Amino acid sequence: MVAARHRLIARIIKELAPRSILEIGCGIDLIFDHIVDAGLSFESWLIVEPEPRFLETARARAEEDPRLHLACCRVEETGWTSQLEKPADLIIISSLLHEVPDPQAVLSAVRGICGPETTLHINVPNSESLHRRLAVAMGIAENTSDLGQRNRDLGQHRVYAAADLRREIEQAGFSVVADGGYFLKPFTHAQMMTIASELGPKGLAGLEKLGQDLAELAAEIYVNARLST
């Protein structure tokens with residue numbers, strides 16, 4: 001799933017060819033590394049992350065690669081914006097919006113630093129995914145939007161259907177210019193872990209392709225957006 005997410009972002013970067021990239025929240029597995037490994041070019045990459053533990057690896061990489069810059073704070077804070085010489089070409093909010101207490105506060109802060117040509121990329125889990133629909137069909141869950149134990153363990157506040165995500169984005173003053181899904185997950189995360197080796201690389205690649213073709217059933221969905229005019 002994470003690898004499919006990284007490949008999605010790599011495709012977007014390859015298509016848009018941004019010179020400057022701003023990432024809101026980096027987690028442990030740096031997207032930066034995967035983009036560099038893919039051989040994609042850019043001039044600068046700024047990570048805004050409030051958790052020092054998530055920035056440990058990033059700090060080491062920043063010492064090696066002068067294109068990577070860090071701001072240890074929340075995006076809603078204002079001091080870090082001095083690191084932006086101009087609006088970023090691409091802003092990435094990857095696997096994060098469903099975890100923050102106030103998505104509109106995050107999106108409002110991002111809107112304030114966007115230029116007319118800035119593309120905002122957001123990806124989140126899909127509440128209408130095949131495995132959530134299966135849970136309802138089996139009687140395990142009442143609604144696809146119910147938070148499961150894994151959601152609660154990860155401190156997630158909500159799950160988005162595609163229409164919900166679009167409304168969230170539009171409420172914040174953005175217009176969606178592209179959307180889709182990636183990776184079809186028929187079963188829960190734990191169940192998929194037990195059968196991943198049986199599926200093998202071809203099976204996993206097939207599920208990734210089906211997630212793109214059947215976005216409404218994909219495990220995760222995304223939007224690319226720009227400021228509303």
# chains A, B, ... in the order shown; residues from 1 in each chain; ligands from 1
$ select_by_dssp --residues "range 144-211 of chain A" --states "strand (DSSP E)" --output "number ranges by chain"
A: 174-182
$ write_last_selection --atoms "C-alpha atoms" --output "CSV table (one decimal), in the first residue's frame"
chain,number,residue,atom,x,y,z
A,174,PHE,CA,-9.9,24.7,-3.7
A,175,SER,CA,-11.2,23.2,-6.9
A,176,VAL,CA,-10.4,19.6,-7.7
A,177,VAL,CA,-8.6,19.2,-11.0
A,178,ALA,CA,-8.0,15.4,-10.9
A,179,ASP,CA,-8.9,12.5,-8.6
A,180,GLY,CA,-8.7,8.8,-8.5
A,181,GLY,CA,-7.7,5.7,-6.5
A,182,TYR,CA,-4.9,3.2,-6.2
$ residues_around --residues "Glu43 in chain A" --least-positions-apart "5" --cutoff "10 Å" --atoms "only C-alpha atoms" --output "ChimeraX atom specification"
/A:18-21,66-68
$ closest_residue --among "A:Ala58, A:Val159, A:Ile140, A:Leu97" --to "Asp29 in chain A" --atoms "only C-alpha atoms"
A:Ala58
$ residues_around --residues "Gly173 in chain A" --least-positions-apart "3" --cutoff "8 Å" --atoms "only C-alpha atoms" --output "NGL selection string"
:A and (111 or 169-170 or 227-228)
$ residues_around --residues "Leu165 in chain A" --least-positions-apart "4" --cutoff "12 Å" --atoms "only C-alpha atoms" --output "number ranges by chain"
A: 97-98, 103-104, 107, 121-128, 158-161, 169-172, 174-176, 179-180, 220-225
$ residues_around --residues "Gln212 in chain A" --least-positions-apart "2" --cutoff "9 Å" --atoms "only C-alpha atoms" --output "JSON, numbers by chain"
{"A": [180, 181, 182, 183, 184, 207, 208, 209, 210, 214, 215, 218]}
$ closest_residue --among "A:Ala135, A:Ala88, A:Leu96, A:Leu130" --to "Gly112 in chain A" --atoms "only C-alpha atoms"
A:Ala88
